[in-house]
Structure formats: structure tokens, C-alpha cells
Amino acid sequence: MKEMYPKNGRVILHVDMNSFYASVEMAHDPSLKGKPLAIAGNPEERRGIIVTCSYEARKMGVKTTMPLWEAKKLCPQLIVRKPNFDRYRAASMKMFELLRSFTELVEPVSIDEGYVDITDCFLMGSPLQIAEQIQTELLHIHDLPCSIGIAPNKFLAKMASDMKKPLGITVLRKRDVETVLWPMEVSEMHGVGKKTAEKLAPLGIKTIGDLANANEIQLKALLGINGPRLKNRANGIDNRAVNPESIYDIKSIGNSTTLSRDITNQHQLLLVIEGLVAKVSGRLKNKKVMAQTIGVTIRYKDRKTITRSRKLTNPIQTPEEINLAAKGLFLKNWDGEAVRLLGVTGTDLVEQDEAVKQLDIFSFEKDARKEPLYETMESLRQKFGKHIIEKAADIAPVKPPTSTIGTDTSFNKDFLRDFPKKEFE
């Protein structure tokens with residue numbers, strides 16, 4: 001089977017469970033199979049929101065994030081269940097355990113999807129045979145349907161897994177990019193949300209092909225370092241490796257605190273922000289990611305809440321940099337009234353290794369002095385491995401100071417954080 005695999009490239013699978021929460025409920029209670037089923041935040045209240053729904057419900061027009069009252073109007077026979085996250089976590093662990101029976105190169109990116117590098121699995125069969133075996137075993141052993149994309153990199157594998165649902169398997173090769181991906185609307189591309197698509201529209205970028213052939217300088221001016229990266233993706237270029245050490249693909253990292261009393265003293269409020277920033281910075285360092293956007297949340301004593309964010313020129317991670325951005329946002333948007341809650345969040349995260357700093361005239365000299373050190377470190381990593389030399393701050397988990405003014409709440413609400421560590425070893 002080795003001839004079915006590339007000599008120099010990789011073979012990556014993206015395994016994406018179909019309507020995961022609803023499928024888990026059907027596996028738990030087979031009487032729900034074949035019926036329109038929705039998982040909603042609060043079935044007792046008409047203002048509840050649809051978290052996910054079965055394909056039978058989707059055929060009736062029911063969609064994720066739709067208000068429950070609207071879904072019931074479209075589908076009066078809709079069966080509604082409350083989310084059972086313990087059940088979903090347990091099913092997710094079984095899913096990833098099965099994937100790891102093929103290879104250790106498995107990277108979970110959420111509770112219901114993950115990448116699998118099967119480049120060295122040729123003794124188990126062709127890539128298509130392995131994908132079919134994974135899909136069959138997940139369905140027959142755990143009663144959970146999935147779609148799988150097969151491609152030479154993570155981006156193309158993700159795009160491929162979205163093309164046939166439910167229970168689809170799609171092969172997407174580099175040579176298929178122009179004919180398959182380019183005609184698609186740019187909003188359908190993984191990594192391009194609705195807001196980014198709206199930003200791209202004035203440049204005449206409506207399709208993935210338009211993005212692939214867009215002017216890189218214009219993209220960089222519009223989207224920062226994410227612009228050229230998206231252009232590469234649109235051309236089928238993605239050099240990210242499947243990382244088994246990455247437990248999930250985090251979208252944001254933040255902290256908020258509810259103050260023990262209403263506070264109007266500016267100095268005290270800035271101290272609270274400083275404490276939140278330390279924790280956000282610590283988590284960014286522990287996850288080895290950097291934030292391209294910093295956001296601040298302010299809730300007043302009358303519960304009025306505002307959230308403001310700022311897109312940065314360069315991705316940041318240190319407390320000093322985050323502090324500067326967060327305090328600036330707070331002072332610009334605080335109206336002087338008593339505050340009850342404060343929050344700081346880093347979003348638009350990029351991996352530390354990929355965060356190529358956009359040097360300006362002020363930072364160039366300082367970075368230039370460090371260049372020989374960077375070159376030496378990179379040489380050592382290439383020769384002896386990625387982790388042969390690390391910053392001390394990157395090795396030891398950062399323990400930010402605790403706040404005595406309020407109660408902390410993490411904005412990083414991933415479902416995999418409570419998994420026993422042994423499940424990922």
C-alpha cells in the first residue's frame with residue numbers, strides 16, 4: 001500500500017462528527033432515531049436557543065442558534081432535550097481513543113472533531129480504506145456518524161470533511177484546489193467568517209479563487225498577517241503539522257471578574273484589569289499562542305454591559321503589551337459610572353511559532369540585536385528537535401496573581417478542559 005502514499009508529503013484526515021450532541025442522544029436513546037431532535041439550552045423556556053439538531057430537524061428548516069419558539073413553529077413535532085455535557089465528553093473520549101488506535105498523531109480541535117496524520121499507516125491500507133474503517137467503527141461500535149476529509153494538509157482536510165454530510169468521505173488533492181475550491185464563495189472557506197468576508201468584498205474578493213489571486217500587500221494592509229496566511233490557504237498551502245500535544249484549538253483566552261462591590265475609583269479598576277491581564281498573558285504563554293485582538297468587557301451596576309475590542313498591528317502575549325491595549329480600551333470606553341464586572345480577552349489567536357512579527361521602525365533595532373540568538377536557537381531546534389531549547393517562561397506554567405476584589409471566570413469554555421490527563425497520554 002506504500003505506493004498509495006506520497007513520497008514526500010503528508011496524508012491528513014479531518015474527522016468531523018455529524019450533529020454530535022444529537023447523535024450522542026440517539027445512541028443513548030435509540031427511540032429518538034429518525035425523529036426531528038434538537039438540543040436546546042432551556043427547553044422549558046420559549047426563549048431557549050437551539051444548540052444543535054438532527055438532520056431530520058434540519059430538513060424542516062430548524063437551524064443551530066435558532067430561537068426555540070421559531071424552531072417549534074417550523075417543526076411542531078420537534079423533540080427537545082437539554083444538553084448533557086458529561087455524556088458528550090464521555091462519547092468524545094471514546095471517539096479519540098478509537099482514532100488513537102490507528103496512530104498517536106491525533107490532534108483534537110474540539111469536542112467532536114480532530115486531525116489524524118496517517119502518513120506512516122500504509123501497512124493498515126490505503127488512505128481511503130483507513131478512513132472507511134474509522135467511519136465504520138465509530139458508527140458500528142459507538143453508534144456515532146462522522147464525515148471525513150482526506151488531504152495533504154490540515155486546511156484541505158477540513159474543507160473536504162465539510163463537503164459530504166452526513167457519513168461522507170471526501171478526498172481533496174492539491175491539484176483539485178482550482179476546480180473544487182476556487183468557485184466557492186469566500187465565506188464558505190474555513191478561517192473566513194462573515195465579518196472577514198465583508199471586509200474582503202470592497203477588494204472584489206467574492207470567491208476563494210479571488211482570494212487566492214488577490215494582491216498580498218492589500219490583504220496584509222486589510223487583515224494584518226492573517227491576510228497572506230488566508231491567501232496561502234486559498235491556494236491549498238498549509239504547513240501546520242498535526243500536533244498531538246494540542247488538546248484543542250482554542251478560539252479565545254480571557255478572564256472576567258465580578259467585583260465584590262460597585263467601584264468608581266479609576267486606580268482600583270485599573271489594578272483589577274492588571275490582574276486579569278496577568279492571567280490572560282499566562283494562559284497565552286502556557287498554550288503557546290498570541291492574540292491579534294484584545295477585548296475589554298465592562299458591566300455597570302445597572303447591569304448594562306459593553307464589550308469593545310481593538311485589532312492590533314502585531315500579535316502580542318506579554319502582560320506589558322496586553323496591559324497597554326486593555327487599559328487604553330477601558331479608559332476610552334468607561335463612562336465614569338460604578339463598575340460591577342470587568343473582563344479582558346485575547347482573540348484571533350495564532351500559534352507562537354507562526355506569529356511572524358511585523359517589525360516597525362521602533363521595534364526593529366531591539367529585534368535586530370536578538371537576531372543572532374534567534375538564529376542559534378532555530379539551528380539547535382532543526383538539529384535536535386523542536387523542544388531542545390525553550391524559554392523558561394514557556395516551560396514552567398505561569399501562575400498569575402489572584403484578585404481579592406472579585407470572583408474570576410474564564411472565558412475559555414472548551415469542553416475538553418476537564419478530561420483526565422491520562423486520556424491524552
# chains A, B, ... in the order shown; residues from 1 in each chain; ligands from 1
$ residues_around --residues "Ala40 of chain A" --least-positions-apart "4" --cutoff "6 Å" --atoms "only C-alpha atoms" --output "JSON, numbers by chain"
{"A": [49, 50, 51, 82]}
$ atom_distance --atom1 "atom CA of Leu223 of chain A" --atom2 "atom CA of Thr207 of chain A"
16.9 Å
$ atom_distance --atom1 "atom CA of Gly114 of chain A" --atom2 "atom CA of Arg89 of chain A"
14.2 Å
$ residues_around --residues "segment 164-180 of chain A" --least-positions-apart "3" --cutoff "6 Å" --atoms "only C-alpha atoms" --output "JSON, numbers by chain"
{"A": [18, 145, 146, 147, 148, 149, 150, 151, 160]}
$ write_last_selection --atoms "C-alpha atoms" --output "PDB file, in the first residue's frame"
ATOM      1  CA  ASN A  18     -22.192  14.631  12.406  1.00  0.00           C
ATOM      2  CA  PRO A 145     -21.810   9.004  12.451  1.00  0.00           C
ATOM      3  CA  CYS A 146     -18.983  11.145  11.077  1.00  0.00           C
ATOM      4  CA  SER A 147     -17.679  12.724   7.889  1.00  0.00           C
ATOM      5  CA  ILE A 148     -14.005  12.532   6.953  1.00  0.00           C
ATOM      6  CA  GLY A 149     -11.809  14.646   4.719  1.00  0.00           C
ATOM      7  CA  ILE A 150      -8.607  13.199   3.234  1.00  0.00           C
ATOM      8  CA  ALA A 151      -5.962  15.661   2.037  1.00  0.00           C
ATOM      9  CA  ALA A 160     -13.047  18.200   2.440  1.00  0.00           C
TER      10      ALA A 160
END
$ select_by_dssp --residues "segment 193-356 of chain A" --states "alpha helix (DSSP H)" --output "ChimeraX atom specification"
/A:194-200,208-212,216-223,226-234,266-287,319-333
$ closest_atom_pairs --of "segment 67-175 of chain A" --to "segment 225-234 of chain A" --cutoff "10 Å" --atoms "only C-alpha atoms" --output "Markdown table"
| residue | atom | partner | partner_atom | distance |
| --- | --- | --- | --- | --- |
| A:Asn153 | CA | A:Arg233 | CA | 9.9 |
| A:Lys154 | CA | A:Arg233 | CA | 9.8 |
| A:Phe155 | CA | A:Arg233 | CA | 6.7 |
| A:Leu156 | CA | A:Arg233 | CA | 8.2 |
$ residues_around --residues "Glu107 of chain A" --least-positions-apart "3" --cutoff "8 Å" --atoms "only C-alpha atoms" --output "list in words"
Gly114, Tyr115, Val116, Val242, Asn243, Pro244, Glu245, Ser246, Ile247 and Tyr248 of chain A
$ atom_distance --atom1 "atom CA of Leu105 of chain A" --atom2 "atom CA of Asp117 of chain A"
5.5 Å
$ residues_around --residues "Asn235 of chain A" --least-positions-apart "6" --cutoff "9 Å" --atoms "only C-alpha atoms" --output "list of chain:residue names"
A:Lys174, A:Val177, A:Glu178, A:Leu181, A:Trp182, A:Ile208, A:Gly209, A:Leu211, A:Ala212, A:Asn213
$ write_last_selection --atoms "C-alpha atoms" --output "PDB file, in the first residue's frame"
ATOM      1  CA  LYS A 174      -3.726  19.922  -4.147  1.00  0.00           C
ATOM      2  CA  VAL A 177      -7.992  23.314  -5.466  1.00  0.00           C
ATOM      3  CA  GLU A 178      -8.635  25.399  -8.599  1.00  0.00           C
ATOM      4  CA  LEU A 181     -12.420  25.270  -4.037  1.00  0.00           C
ATOM      5  CA  TRP A 182     -11.922  28.375  -6.151  1.00  0.00           C
ATOM      6  CA  ILE A 208     -11.988  31.569  -2.807  1.00  0.00           C
ATOM      7  CA  GLY A 209     -10.362  31.915  -6.235  1.00  0.00           C
ATOM      8  CA  LEU A 211      -8.716  35.400  -2.558  1.00  0.00           C
ATOM      9  CA  ALA A 212      -6.111  33.012  -3.982  1.00  0.00           C
ATOM     10  CA  ASN A 213      -5.208  35.561  -6.654  1.00  0.00           C
TER      11      ASN A 213
END
$ select_by_dssp --residues "segment 202-368 of chain A" --states "strand (DSSP E)" --output "ChimeraX atom specification"
/A:252-263,289-300,305-316,339-351
